[in-house]
$ cat run.cif   # mmCIF, C-alpha atoms and all ligand atoms
data_final
#
loop_
_atom_site.group_PDB
_atom_site.id
_atom_site.type_symbol
_atom_site.label_atom_id
_atom_site.label_comp_id
_atom_site.auth_asym_id
_atom_site.auth_seq_id
_atom_site.Cartn_x
_atom_site.Cartn_y
_atom_site.Cartn_z
ATOM 1 C CA MET A 664 63.992 165.711 64.296
ATOM 2 C CA ALA A 665 63.097 162.073 63.609
ATOM 3 C CA THR A 666 59.679 160.466 63.340
ATOM 4 C CA LEU A 667 58.771 156.804 63.635
ATOM 5 C CA GLN A 668 55.345 156.285 62.128
ATOM 6 C CA ILE A 669 53.466 153.025 62.676
ATOM 7 C CA THR A 670 50.267 152.852 60.658
ATOM 8 C CA ASP A 671 47.498 150.254 61.024
ATOM 9 C CA LEU A 672 50.033 147.515 61.676
ATOM 10 C CA HIS A 673 48.774 143.952 61.554
ATOM 11 C CA VAL A 674 51.224 141.227 62.577
ATOM 12 C CA GLY A 675 50.884 137.465 62.776
ATOM 13 C CA VAL A 676 53.031 134.742 64.245
ATOM 14 C CA GLU A 677 53.425 131.322 62.641
ATOM 15 C CA THR A 678 52.082 128.518 64.798
ATOM 16 C CA GLU A 679 51.303 124.840 64.169
ATOM 17 C CA GLU A 680 47.687 125.790 63.459
ATOM 18 C CA GLY A 681 48.727 128.431 60.926
ATOM 19 C CA THR A 682 49.194 132.155 61.192
ATOM 20 C CA LYS A 683 47.822 133.626 64.402
ATOM 21 C CA GLU A 684 47.027 137.325 64.222
ATOM 22 C CA ILE A 685 48.473 139.165 67.210
ATOM 23 C CA LEU A 686 48.590 142.842 66.288
ATOM 24 C CA LYS A 687 45.240 143.942 64.932
ATOM 25 C CA GLY A 688 45.849 147.425 63.617
ATOM 26 C CA VAL A 689 48.274 149.539 65.650
ATOM 27 C CA THR A 690 48.805 153.205 64.806
ATOM 28 C CA LEU A 691 51.419 155.216 66.678
ATOM 29 C CA THR A 692 53.744 158.171 66.000
ATOM 30 C CA ILE A 693 56.915 158.754 68.007
ATOM 31 C CA GLU A 694 59.174 161.765 67.572
ATOM 32 C CA SER A 695 62.685 162.305 68.857
ATOM 33 C CA GLY A 696 62.659 163.965 72.260
ATOM 34 C CA GLN A 697 59.396 162.263 73.219
ATOM 35 C CA THR A 698 58.888 159.322 75.536
ATOM 36 C CA HIS A 699 55.958 157.019 74.891
ATOM 37 C CA ALA A 700 54.972 154.234 77.236
ATOM 38 C CA ILE A 701 53.193 151.164 75.945
ATOM 39 C CA MET A 702 51.514 149.396 78.814
ATOM 40 C CA GLY A 703 49.183 146.472 79.007
ATOM 41 C CA PRO A 704 48.493 143.035 80.404
ATOM 42 C CA ASN A 705 50.678 140.034 79.620
ATOM 43 C CA GLY A 706 49.957 138.578 76.218
ATOM 44 C CA SER A 707 48.481 141.780 74.776
ATOM 45 C CA GLY A 708 51.099 141.988 71.997
ATOM 46 C CA LYS A 709 53.584 144.508 73.377
ATOM 47 C CA SER A 710 56.670 142.418 72.630
ATOM 48 C CA THR A 711 55.238 141.496 69.243
ATOM 49 C CA LEU A 712 55.248 145.199 68.369
ATOM 50 C CA ALA A 713 58.876 145.510 69.502
ATOM 51 C CA TYR A 714 59.950 142.416 67.551
ATOM 52 C CA SER A 715 58.107 143.620 64.460
ATOM 53 C CA ILE A 716 59.941 146.954 64.555
ATOM 54 C CA ALA A 717 63.176 145.014 65.067
ATOM 55 C CA GLY A 718 62.527 142.735 62.098
ATOM 56 C CA HIS A 719 62.403 139.450 63.969
ATOM 57 C CA PRO A 720 61.848 136.673 61.381
ATOM 58 C CA LYS A 721 59.206 134.872 63.446
ATOM 59 C CA TYR A 722 56.740 137.715 63.056
ATOM 60 C CA THR A 723 54.978 138.411 59.765
ATOM 61 C CA VAL A 724 53.606 141.840 58.984
ATOM 62 C CA THR A 725 50.387 141.146 57.088
ATOM 63 C CA SER A 726 49.405 144.773 56.499
ATOM 64 C CA GLY A 727 50.172 148.306 57.571
ATOM 65 C CA SER A 728 53.462 150.181 57.569
ATOM 66 C CA VAL A 729 56.378 151.326 59.711
ATOM 67 C CA THR A 730 58.444 154.286 58.500
ATOM 68 C CA LEU A 731 61.349 156.235 59.955
ATOM 69 C CA ASP A 732 61.473 159.731 58.497
ATOM 70 C CA GLY A 733 59.463 158.416 55.574
ATOM 71 C CA GLU A 734 61.759 155.451 54.876
ATOM 72 C CA ASP A 735 60.140 152.002 54.821
ATOM 73 C CA VAL A 736 61.527 150.242 57.892
ATOM 74 C CA LEU A 737 59.846 146.934 57.034
ATOM 75 C CA ALA A 738 61.855 146.723 53.806
ATOM 76 C CA MET A 739 65.141 147.093 55.705
ATOM 77 C CA SER A 740 67.358 144.296 57.016
ATOM 78 C CA VAL A 741 68.006 144.220 60.743
ATOM 79 C CA ASP A 742 71.396 145.909 60.194
ATOM 80 C CA GLU A 743 69.869 148.585 58.000
ATOM 81 C CA ARG A 744 67.339 149.353 60.712
ATOM 82 C CA ALA A 745 70.170 149.957 63.182
ATOM 83 C CA ARG A 746 72.035 152.164 60.706
ATOM 84 C CA ALA A 747 68.853 154.123 60.030
ATOM 85 C CA GLY A 748 68.804 155.039 63.727
ATOM 86 C CA LEU A 749 66.593 152.446 65.380
ATOM 87 C CA PHE A 750 67.754 150.921 68.624
ATOM 88 C CA LEU A 751 66.061 147.823 69.941
ATOM 89 C CA ALA A 752 67.149 146.718 73.364
ATOM 90 C CA MET A 753 66.295 143.096 72.731
ATOM 91 C CA GLN A 754 68.433 142.996 69.625
ATOM 92 C CA TYR A 755 71.399 141.177 71.165
ATOM 93 C CA PRO A 756 69.975 139.147 74.020
ATOM 94 C CA VAL A 757 72.370 136.245 73.516
ATOM 95 C CA GLU A 758 75.863 135.642 74.763
ATOM 96 C CA VAL A 759 78.549 136.733 72.338
ATOM 97 C CA PRO A 760 81.417 134.373 73.085
ATOM 98 C CA GLY A 761 84.862 135.925 73.204
ATOM 99 C CA VAL A 762 83.689 139.497 72.485
ATOM 100 C CA THR A 763 84.242 141.983 75.269
ATOM 101 C CA VAL A 764 81.725 144.696 76.097
ATOM 102 C CA SER A 765 84.312 147.277 75.051
ATOM 103 C CA ASN A 766 84.895 145.732 71.606
ATOM 104 C CA PHE A 767 81.237 145.036 71.114
ATOM 105 C CA LEU A 768 80.269 148.657 71.782
ATOM 106 C CA ARG A 769 82.967 149.998 69.473
ATOM 107 C CA THR A 770 81.969 147.585 66.698
ATOM 108 C CA ALA A 771 78.311 148.504 67.095
ATOM 109 C CA LYS A 772 79.103 152.238 67.074
ATOM 110 C CA THR A 773 81.228 151.804 63.934
ATOM 111 C CA ALA A 774 78.503 149.792 62.213
ATOM 112 C CA VAL A 775 75.780 152.285 63.071
ATOM 113 C CA SER A 776 77.665 155.500 62.301
ATOM 114 C CA GLY A 777 79.632 154.153 59.318
ATOM 115 C CA GLU A 778 83.043 155.080 60.744
ATOM 116 C CA ALA A 779 85.125 154.090 63.716
ATOM 117 C CA PRO A 780 84.774 156.568 66.586
ATOM 118 C CA LYS A 781 87.903 158.554 67.468
ATOM 119 C CA LEU A 782 89.625 156.546 70.160
ATOM 120 C CA ARG A 783 90.313 159.324 72.660
ATOM 121 C CA THR A 784 86.769 160.730 72.781
ATOM 122 C CA TRP A 785 85.280 157.245 72.550
ATOM 123 C CA VAL A 786 87.151 155.979 75.606
ATOM 124 C CA LYS A 787 86.055 159.086 77.495
ATOM 125 C CA ASP A 788 82.411 158.693 76.395
ATOM 126 C CA VAL A 789 82.339 155.036 77.423
ATOM 127 C CA ARG A 790 83.842 155.849 80.800
ATOM 128 C CA THR A 791 81.397 158.705 81.415
ATOM 129 C CA SER A 792 78.377 156.571 80.533
ATOM 130 C CA MET A 793 79.604 153.666 82.631
ATOM 131 C CA ASP A 794 80.186 155.962 85.601
ATOM 132 C CA GLN A 795 76.701 157.428 85.233
ATOM 133 C CA LEU A 796 75.236 153.927 85.145
ATOM 134 C CA ARG A 797 77.366 153.034 88.215
ATOM 135 C CA MET A 798 79.142 150.283 86.307
ATOM 136 C CA ASP A 799 82.550 149.093 87.428
ATOM 137 C CA SER A 800 85.226 149.762 84.788
ATOM 138 C CA ALA A 801 86.109 146.036 84.816
ATOM 139 C CA PHE A 802 82.728 145.424 83.187
ATOM 140 C CA ALA A 803 84.134 146.652 79.861
ATOM 141 C CA ASP A 804 86.509 143.676 79.741
ATOM 142 C CA ARG A 805 83.877 141.026 80.309
ATOM 143 C CA ASN A 806 82.347 139.037 77.472
ATOM 144 C CA VAL A 807 78.960 140.245 76.298
ATOM 145 C CA ASN A 808 76.119 138.793 78.339
ATOM 146 C CA GLU A 809 78.331 135.996 79.681
ATOM 147 C CA GLY A 810 77.177 135.457 83.239
ATOM 148 C CA PHE A 811 75.558 138.901 83.345
ATOM 149 C CA SER A 812 73.016 139.336 86.100
ATOM 150 C CA GLY A 813 69.591 140.706 85.168
ATOM 151 C CA GLY A 814 70.640 144.165 86.346
ATOM 152 C CA GLU A 815 73.921 144.031 84.392
ATOM 153 C CA LYS A 816 72.047 143.096 81.212
ATOM 154 C CA LYS A 817 69.751 146.084 81.606
ATOM 155 C CA ARG A 818 72.610 148.455 82.368
ATOM 156 C CA HIS A 819 74.425 147.127 79.310
ATOM 157 C CA GLU A 820 71.320 147.848 77.195
ATOM 158 C CA ILE A 821 71.152 151.418 78.464
ATOM 159 C CA LEU A 822 74.915 151.826 77.977
ATOM 160 C CA GLN A 823 74.510 150.772 74.334
ATOM 161 C CA MET A 824 71.624 153.169 73.881
ATOM 162 C CA GLU A 825 73.540 156.104 75.369
ATOM 163 C CA LEU A 826 76.603 155.472 73.210
ATOM 164 C CA LEU A 827 74.819 154.679 69.944
ATOM 165 C CA GLN A 828 72.610 157.782 70.172
ATOM 166 C CA PRO A 829 69.742 156.344 68.130
ATOM 167 C CA LYS A 830 66.876 158.367 66.678
ATOM 168 C CA ILE A 831 64.318 156.022 68.193
ATOM 169 C CA ALA A 832 64.932 153.519 70.996
ATOM 170 C CA VAL A 833 62.540 150.678 71.771
ATOM 171 C CA LEU A 834 62.963 149.279 75.282
ATOM 172 C CA ASP A 835 60.942 146.154 76.010
ATOM 173 C CA GLU A 836 60.514 145.359 79.715
ATOM 174 C CA THR A 837 63.766 147.082 80.564
ATOM 175 C CA ASP A 838 62.422 147.414 84.078
ATOM 176 C CA SER A 839 61.465 143.812 84.806
ATOM 177 C CA GLY A 840 63.481 142.071 87.467
ATOM 178 C CA LEU A 841 65.324 145.186 88.637
ATOM 179 C CA ASP A 842 65.670 146.149 92.270
ATOM 180 C CA VAL A 843 64.897 149.745 93.177
ATOM 181 C CA ASP A 844 68.503 150.952 92.937
ATOM 182 C CA ALA A 845 69.033 149.419 89.498
ATOM 183 C CA LEU A 846 65.652 150.714 88.379
ATOM 184 C CA ARG A 847 66.665 154.241 89.361
ATOM 185 C CA VAL A 848 70.007 154.012 87.561
ATOM 186 C CA VAL A 849 68.415 152.611 84.408
ATOM 187 C CA SER A 850 65.688 155.270 84.511
ATOM 188 C CA GLU A 851 68.269 158.031 84.873
ATOM 189 C CA GLY A 852 69.946 156.699 81.719
ATOM 190 C CA VAL A 853 66.684 156.792 79.804
ATOM 191 C CA ASN A 854 66.004 160.316 81.048
ATOM 192 C CA ARG A 855 69.478 161.491 79.965
ATOM 193 C CA VAL A 856 68.940 160.129 76.470
ATOM 194 C CA ARG A 857 65.544 161.726 76.340
ATOM 195 C CA GLU A 858 66.813 165.115 77.511
ATOM 196 C CA SER A 859 69.320 165.146 74.651
ATOM 197 C CA ASP A 860 66.212 165.683 72.467
ATOM 198 C CA ASP A 861 67.840 163.591 69.733
ATOM 199 C CA THR A 862 66.180 160.336 70.719
ATOM 200 C CA GLY A 863 62.568 159.250 70.979
ATOM 201 C CA VAL A 864 61.910 156.472 73.469
ATOM 202 C CA LEU A 865 59.267 153.767 73.217
ATOM 203 C CA LEU A 866 59.148 152.263 76.667
ATOM 204 C CA ILE A 867 57.243 148.984 76.773
ATOM 205 C CA THR A 868 56.274 147.723 80.174
ATOM 206 C CA HIS A 869 53.736 145.682 82.049
ATOM 207 C CA TYR A 870 54.595 147.423 85.316
ATOM 208 C CA THR A 871 53.757 150.973 86.285
ATOM 209 C CA ARG A 872 56.658 151.172 88.750
ATOM 210 C CA ILE A 873 59.227 152.549 86.274
ATOM 211 C CA LEU A 874 56.873 155.409 85.460
ATOM 212 C CA ARG A 875 57.604 156.890 88.871
ATOM 213 C CA TYR A 876 61.104 157.563 87.535
ATOM 214 C CA ILE A 877 60.370 158.171 83.868
ATOM 215 C CA ARG A 878 57.463 160.477 83.164
ATOM 216 C CA PRO A 879 56.167 159.547 79.699
ATOM 217 C CA ASP A 880 54.730 162.233 77.434
ATOM 218 C CA HIS A 881 52.202 159.762 76.055
ATOM 219 C CA VAL A 882 50.765 156.502 77.396
ATOM 220 C CA HIS A 883 49.169 153.848 75.179
ATOM 221 C CA VAL A 884 47.315 150.923 76.717
ATOM 222 C CA PHE A 885 47.555 147.690 74.746
ATOM 223 C CA VAL A 886 44.777 145.136 75.004
ATOM 224 C CA ASP A 887 44.433 142.132 72.689
ATOM 225 C CA GLY A 888 46.685 143.488 69.951
ATOM 226 C CA ARG A 889 45.129 146.934 69.819
ATOM 227 C CA ILE A 890 45.547 150.274 71.520
ATOM 228 C CA ALA A 891 42.560 150.385 73.863
ATOM 229 C CA GLU A 892 43.226 153.794 75.364
ATOM 230 C CA GLU A 893 45.679 156.680 75.060
ATOM 231 C CA GLY A 894 46.500 159.604 77.277
ATOM 232 C CA GLY A 895 49.177 161.591 79.054
ATOM 233 C CA PRO A 896 51.146 160.693 82.179
ATOM 234 C CA GLU A 897 47.963 160.792 84.267
ATOM 235 C CA LEU A 898 46.885 157.581 82.520
ATOM 236 C CA ALA A 899 49.946 155.828 83.971
ATOM 237 C CA ASP A 900 48.942 157.056 87.423
ATOM 238 C CA ARG A 901 45.478 155.641 86.955
ATOM 239 C CA LEU A 902 46.848 152.276 85.785
ATOM 240 C CA GLU A 903 49.080 152.163 88.839
ATOM 241 C CA ALA A 904 46.039 152.693 91.053
ATOM 242 C CA GLU A 905 43.535 150.545 89.164
ATOM 243 C CA GLY A 906 45.486 147.965 87.170
ATOM 244 C CA TYR A 907 44.262 146.533 83.866
ATOM 245 C CA ASP A 908 41.116 144.816 85.113
ATOM 246 C CA ARG A 909 38.581 147.092 83.544
ATOM 247 C CA TYR A 910 40.111 146.687 80.077
ATOM 248 C CA ILE A 911 40.079 142.924 80.365
ATOM 249 C CA THR A 912 36.489 142.656 81.544
ATOM 250 C CA ALA A 913 35.448 145.192 78.905
ATOM 251 C CA GLY A 914 37.068 143.053 76.199
ATOM 252 C CA ALA A 915 35.718 139.716 77.423
HETATM 253 P P1 LIG B 1001 53.214 140.827 75.703
HETATM 254 O O1 LIG B 1001 54.597 141.256 75.370
HETATM 255 O O2 LIG B 1001 52.224 141.947 75.752
HETATM 256 O O3 LIG B 1001 53.145 140.012 76.948
HETATM 257 P P2 LIG B 1001 53.446 139.127 73.355
HETATM 258 O O4 LIG B 1001 53.622 140.036 72.197
HETATM 259 O O5 LIG B 1001 54.640 138.459 73.882
HETATM 260 O O6 LIG B 1001 52.664 139.889 74.521
HETATM 261 O O7 LIG B 1001 52.384 137.997 72.960
HETATM 262 C C1 LIG B 1001 51.113 138.315 72.433
HETATM 263 C C2 LIG B 1001 50.325 137.059 72.117
HETATM 264 O O8 LIG B 1001 50.947 136.382 71.055
HETATM 265 C C3 LIG B 1001 50.239 136.070 73.261
HETATM 266 O O9 LIG B 1001 48.943 135.518 73.270
HETATM 267 C C4 LIG B 1001 51.268 135.034 72.921
HETATM 268 O O10 LIG B 1001 50.906 133.776 73.431
HETATM 269 C C5 LIG B 1001 51.221 135.049 71.406
HETATM 270 N N1 LIG B 1001 52.525 134.677 70.829
HETATM 271 C C6 LIG B 1001 53.634 135.441 70.830
HETATM 272 N N2 LIG B 1001 54.635 134.784 70.231
HETATM 273 C C7 LIG B 1001 54.128 133.595 69.859
HETATM 274 C C8 LIG B 1001 54.652 132.450 69.182
HETATM 275 N N3 LIG B 1001 55.911 132.420 68.781
HETATM 276 N N4 LIG B 1001 53.831 131.406 68.964
HETATM 277 C C9 LIG B 1001 52.538 131.443 69.348
HETATM 278 N N5 LIG B 1001 51.979 132.461 69.977
HETATM 279 C C10 LIG B 1001 52.750 133.524 70.225
HETATM 280 MG MG MG B 1002 42.937 147.366 60.624
HETATM 281 MG MG MG B 1003 56.363 141.129 76.384
#

$ encode --input "run.cif" --output "structure tokens" --more "lines below"
Ligand code: ADP
Ligand code: MG
Ligand code: MG
Amino acid sequence: MATLQITDLHVGVETEEGTKEILKGVTLTIESGQTHAIMGPNGSGKSTLAYSIAGHPKYTVTSGSVTLDGEDVLAMSVDERARAGLFLAMQYPVEVPGVTVSNFLRTAKTAVSGEAPKLRTWVKDVRTSMDQLRMDSAFADRNVNEGFSGGEKKRHEILQMELLQPKIAVLDETDSGLDVDALRVVSEGVNRVRESDDTGVLLITHYTRILRYIRPDHVHVFVDGRIAEEGGPELADRLEAEGYDRYITAGA
């Protein structure tokens, strides 16, 4: 079992006026097999948390800690984080010219696991995952992110997650811009990974819609760089009914 432990995390971003504090003390524990949803209004710091876990250079951790099974994640390079078992869906958002999806996935799997996967089982695993995500087999021969539609990008993220089998996966707004069919397919992928019990999922979203398909074990509401409220799946239901208004007025 794996545990990602975030303790009193404070994060700032560099702006022209100096360092602006965005995360103001976030504490969160995620274990493999669990699904946590982070929800909250736009600008509340959800992506900042994801980028901080990913090691994005624009974000400066000013205090607090992030550990994976006791290892200091913040001291790791981006590559080391991936090898340690962290998967961050926003990690490769750019086009990778001349690299096919197939080669990209195999390279990533080799980098993360430390050895090249056996070709026969690998080809079968890729095909199975692509079928489950209703992806055409021709997709494997396309260049990464080149001309991908929004839905293809999201499916590609979930495909990576399924094949890399991370300990903890952070999915930031994986649901935004998806039509209902794509949303269902992507959600099924997340649920498969979760059922394996090997992976903990941190699902970051502004929208409550995806939580009709993915039932989180824990819900954390982000407001102004802090967790304003925590609960079980019933909290997601309440947010769907009521929105974020009462948090915003309470904080004003
Ligand atoms: P969310 O993902 O919840 O919408 P973000 O983490 O993207 O929120 O942003 C949180 C706050 O930090 C916002 O007020 C945003 O304007 C600010 N912010 C994020 N990145 C930067 C940046 N590079 N420069 C200045 N402000 C930033
Ligand atoms: Mg604090
Ligand atoms: Mg965001």

$ residues_near_ligand --input "run.cif" --ligand "ligand MG 1003 (chain B)" --cutoff "10 Å" --atoms "all atoms listed in the file" --output "ChimeraX atom specification"
/A:702-714,835-836,867-869

$ write_last_selection --input "run.cif" --atoms "C-alpha atoms" --output "PDB file, keeping the file's coordinate frame"
ATOM      1  CA  MET A 702      51.514 149.396  78.814  1.00  0.00           C
ATOM      2  CA  GLY A 703      49.183 146.472  79.007  1.00  0.00           C
ATOM      3  CA  PRO A 704      48.493 143.035  80.404  1.00  0.00           C
ATOM      4  CA  ASN A 705      50.678 140.034  79.620  1.00  0.00           C
ATOM      5  CA  GLY A 706      49.957 138.578  76.218  1.00  0.00           C
ATOM      6  CA  SER A 707      48.481 141.780  74.776  1.00  0.00           C
ATOM      7  CA  GLY A 708      51.099 141.988  71.997  1.00  0.00           C
ATOM      8  CA  LYS A 709      53.584 144.508  73.377  1.00  0.00           C
ATOM      9  CA  SER A 710      56.670 142.418  72.630  1.00  0.00           C
ATOM     10  CA  THR A 711      55.238 141.496  69.243  1.00  0.00           C
ATOM     11  CA  LEU A 712      55.248 145.199  68.369  1.00  0.00           C
ATOM     12  CA  ALA A 713      58.876 145.510  69.502  1.00  0.00           C
ATOM     13  CA  TYR A 714      59.950 142.416  67.551  1.00  0.00           C
ATOM     14  CA  ASP A 835      60.942 146.154  76.010  1.00  0.00           C
ATOM     15  CA  GLU A 836      60.514 145.359  79.715  1.00  0.00           C
ATOM     16  CA  ILE A 867      57.243 148.984  76.773  1.00  0.00           C
ATOM     17  CA  THR A 868      56.274 147.723  80.174  1.00  0.00           C
ATOM     18  CA  HIS A 869      53.736 145.682  82.049  1.00  0.00           C
TER      19      HIS A 869
END

$ residues_near_point --input "run.cif" --point "(68.6, 161.1, 70.9)" --cutoff "6 Å" --atoms "all atoms listed in the file" --output "short mmCIF file (atom, residue, chain, number, x, y, z; two decimals) with C-alpha atoms, in the coordinates of the input"
data_model
loop_
_atom_site.label_atom_id
_atom_site.label_comp_id
_atom_site.auth_asym_id
_atom_site.auth_seq_id
_atom_site.Cartn_x
_atom_site.Cartn_y
_atom_site.Cartn_z
CA GLN A 828 72.61 157.78 70.17
CA PRO A 829 69.74 156.34 68.13
CA LYS A 830 66.88 158.37 66.68
CA VAL A 856 68.94 160.13 76.47
CA SER A 859 69.32 165.15 74.65
CA ASP A 860 66.21 165.68 72.47
CA ASP A 861 67.84 163.59 69.73
CA THR A 862 66.18 160.34 70.72
#

$ atom_distance --input "run.cif" --atom1 "atom CA of A:Gln668" --atom2 "atom CA of A:Glu734"
9.7 Å

$ atom_distance --input "run.cif" --atom1 "atom CA of A:Ile693" --atom2 "atom CA of A:Asp735"
15.2 Å

$ residues_near_point --input "run.cif" --point "(69.8, 146.7, 81.3)" --cutoff "9 Å" --atoms "all atoms listed in the file" --output "ChimeraX atom specification"
/A:752,813-822,837-838,841,845,849

$ write_last_selection --input "run.cif" --atoms "C-alpha atoms" --output "PDB file, keeping the file's coordinate frame"
ATOM      1  CA  ALA A 752      67.149 146.718  73.364  1.00  0.00           C
ATOM      2  CA  GLY A 813      69.591 140.706  85.168  1.00  0.00           C
ATOM      3  CA  GLY A 814      70.640 144.165  86.346  1.00  0.00           C
ATOM      4  CA  GLU A 815      73.921 144.031  84.392  1.00  0.00           C
ATOM      5  CA  LYS A 816      72.047 143.096  81.212  1.00  0.00           C
ATOM      6  CA  LYS A 817      69.751 146.084  81.606  1.00  0.00           C
ATOM      7  CA  ARG A 818      72.610 148.455  82.368  1.00  0.00           C
ATOM      8  CA  HIS A 819      74.425 147.127  79.310  1.00  0.00           C
ATOM      9  CA  GLU A 820      71.320 147.848  77.195  1.00  0.00           C
ATOM     10  CA  ILE A 821      71.152 151.418  78.464  1.00  0.00           C
ATOM     11  CA  LEU A 822      74.915 151.826  77.977  1.00  0.00           C
ATOM     12  CA  THR A 837      63.766 147.082  80.564  1.00  0.00           C
ATOM     13  CA  ASP A 838      62.422 147.414  84.078  1.00  0.00           C
ATOM     14  CA  LEU A 841      65.324 145.186  88.637  1.00  0.00           C
ATOM     15  CA  ALA A 845      69.033 149.419  89.498  1.00  0.00           C
ATOM     16  CA  VAL A 849      68.415 152.611  84.408  1.00  0.00           C
TER      17      VAL A 849
END

$ closest_residue --input "run.cif" --among "A:Tyr876, A:Tyr722, A:Tyr870, A:Tyr910" --to "A:His673" --atoms "all atoms listed in the file"
A:Tyr722

$ atom_distance --input "run.cif" --atom1 "atom CA of A:Gln697" --atom2 "atom CA of A:Arg855"
12.2 Å

$ resolve_selection --input "run.cif" --expression "the PyMOL selection byres (((chain A and resi 807) around 6) and not hetatm)" --output "list in words"
Glu758, Val759, Thr763, Val764, Asn806, Asn808 and Glu809 of chain A

$ resolve_selection --input "run.cif" --expression "the PyMOL selection byres (((not hetatm)) within 7 of (chain B and resi 1002))" --output "MDAnalysis selection string"
chainID A and resid 671 673 687:688

$ decode --input "run.cif" --residues "stretch 859-877 of chain A" --atoms "N, CA and C atoms" --output "PDB file, in the first residue's frame"
ATOM      1  N   SER A 859      -8.230  -1.684  -9.069  1.00  0.00           N
ATOM      2  CA  SER A 859      -7.024  -2.510  -8.961  1.00  0.00           C
ATOM      3  C   SER A 859      -6.470  -2.441  -7.541  1.00  0.00           C
ATOM      4  N   ASP A 860      -6.853  -1.382  -6.790  1.00  0.00           N
ATOM      5  CA  ASP A 860      -6.404  -1.206  -5.406  1.00  0.00           C
ATOM      6  C   ASP A 860      -4.932  -0.835  -5.289  1.00  0.00           C
ATOM      7  N   ASP A 861      -4.235  -0.741  -6.429  1.00  0.00           N
ATOM      8  CA  ASP A 861      -2.813  -0.405  -6.387  1.00  0.00           C
ATOM      9  C   ASP A 861      -2.602   1.100  -6.486  1.00  0.00           C
ATOM     10  N   THR A 862      -3.616   1.803  -6.944  1.00  0.00           N
ATOM     11  CA  THR A 862      -3.464   3.221  -7.250  1.00  0.00           C
ATOM     12  C   THR A 862      -4.434   4.064  -6.420  1.00  0.00           C
ATOM     13  N   GLY A 863      -3.923   5.150  -5.887  1.00  0.00           N
ATOM     14  CA  GLY A 863      -4.779   6.156  -5.263  1.00  0.00           C
ATOM     15  C   GLY A 863      -4.990   7.271  -6.256  1.00  0.00           C
ATOM     16  N   VAL A 864      -6.194   7.805  -6.315  1.00  0.00           N
ATOM     17  CA  VAL A 864      -6.510   8.828  -7.315  1.00  0.00           C
ATOM     18  C   VAL A 864      -6.878  10.133  -6.617  1.00  0.00           C
ATOM     19  N   LEU A 865      -6.213  11.209  -7.051  1.00  0.00           N
ATOM     20  CA  LEU A 865      -6.579  12.553  -6.612  1.00  0.00           C
ATOM     21  C   LEU A 865      -7.213  13.246  -7.803  1.00  0.00           C
ATOM     22  N   LEU A 866      -8.517  13.366  -7.742  1.00  0.00           N
ATOM     23  CA  LEU A 866      -9.292  13.872  -8.865  1.00  0.00           C
ATOM     24  C   LEU A 866      -9.637  15.331  -8.590  1.00  0.00           C
ATOM     25  N   ILE A 867      -9.049  16.222  -9.379  1.00  0.00           N
ATOM     26  CA  ILE A 867      -9.249  17.653  -9.155  1.00  0.00           C
ATOM     27  C   ILE A 867     -10.250  18.167 -10.164  1.00  0.00           C
ATOM     28  N   THR A 868     -11.291  18.793  -9.691  1.00  0.00           N
ATOM     29  CA  THR A 868     -12.304  19.251 -10.641  1.00  0.00           C
ATOM     30  C   THR A 868     -13.121  20.418 -10.091  1.00  0.00           C
ATOM     31  N   HIS A 869     -13.496  21.271 -10.992  1.00  0.00           N
ATOM     32  CA  HIS A 869     -14.396  22.373 -10.663  1.00  0.00           C
ATOM     33  C   HIS A 869     -15.848  21.885 -10.735  1.00  0.00           C
ATOM     34  N   TYR A 870     -16.065  20.898 -11.615  1.00  0.00           N
ATOM     35  CA  TYR A 870     -17.426  20.461 -11.928  1.00  0.00           C
ATOM     36  C   TYR A 870     -17.815  19.241 -11.106  1.00  0.00           C
ATOM     37  N   THR A 871     -19.068  19.152 -10.754  1.00  0.00           N
ATOM     38  CA  THR A 871     -19.534  18.005  -9.985  1.00  0.00           C
ATOM     39  C   THR A 871     -19.978  16.861 -10.900  1.00  0.00           C
ATOM     40  N   ARG A 872     -20.098  17.158 -12.191  1.00  0.00           N
ATOM     41  CA  ARG A 872     -20.675  16.212 -13.149  1.00  0.00           C
ATOM     42  C   ARG A 872     -19.964  14.851 -13.153  1.00  0.00           C
ATOM     43  N   ILE A 873     -18.622  14.869 -13.117  1.00  0.00           N
ATOM     44  CA  ILE A 873     -17.865  13.618 -13.205  1.00  0.00           C
ATOM     45  C   ILE A 873     -18.135  12.736 -11.989  1.00  0.00           C
ATOM     46  N   LEU A 874     -18.574  13.353 -10.898  1.00  0.00           N
ATOM     47  CA  LEU A 874     -18.783  12.582  -9.674  1.00  0.00           C
ATOM     48  C   LEU A 874     -20.083  11.775  -9.710  1.00  0.00           C
ATOM     49  N   ARG A 875     -20.814  11.897 -10.825  1.00  0.00           N
ATOM     50  CA  ARG A 875     -21.921  10.957 -11.042  1.00  0.00           C
ATOM     51  C   ARG A 875     -21.377   9.618 -11.519  1.00  0.00           C
ATOM     52  N   TYR A 876     -20.170   9.647 -12.099  1.00  0.00           N
ATOM     53  CA  TYR A 876     -19.586   8.423 -12.657  1.00  0.00           C
ATOM     54  C   TYR A 876     -18.477   7.863 -11.777  1.00  0.00           C
ATOM     55  N   ILE A 877     -17.832   8.747 -11.044  1.00  0.00           N
ATOM     56  CA  ILE A 877     -16.769   8.325 -10.126  1.00  0.00           C
ATOM     57  C   ILE A 877     -17.205   8.737  -8.730  1.00  0.00           C
TER      58      ILE A 877
END
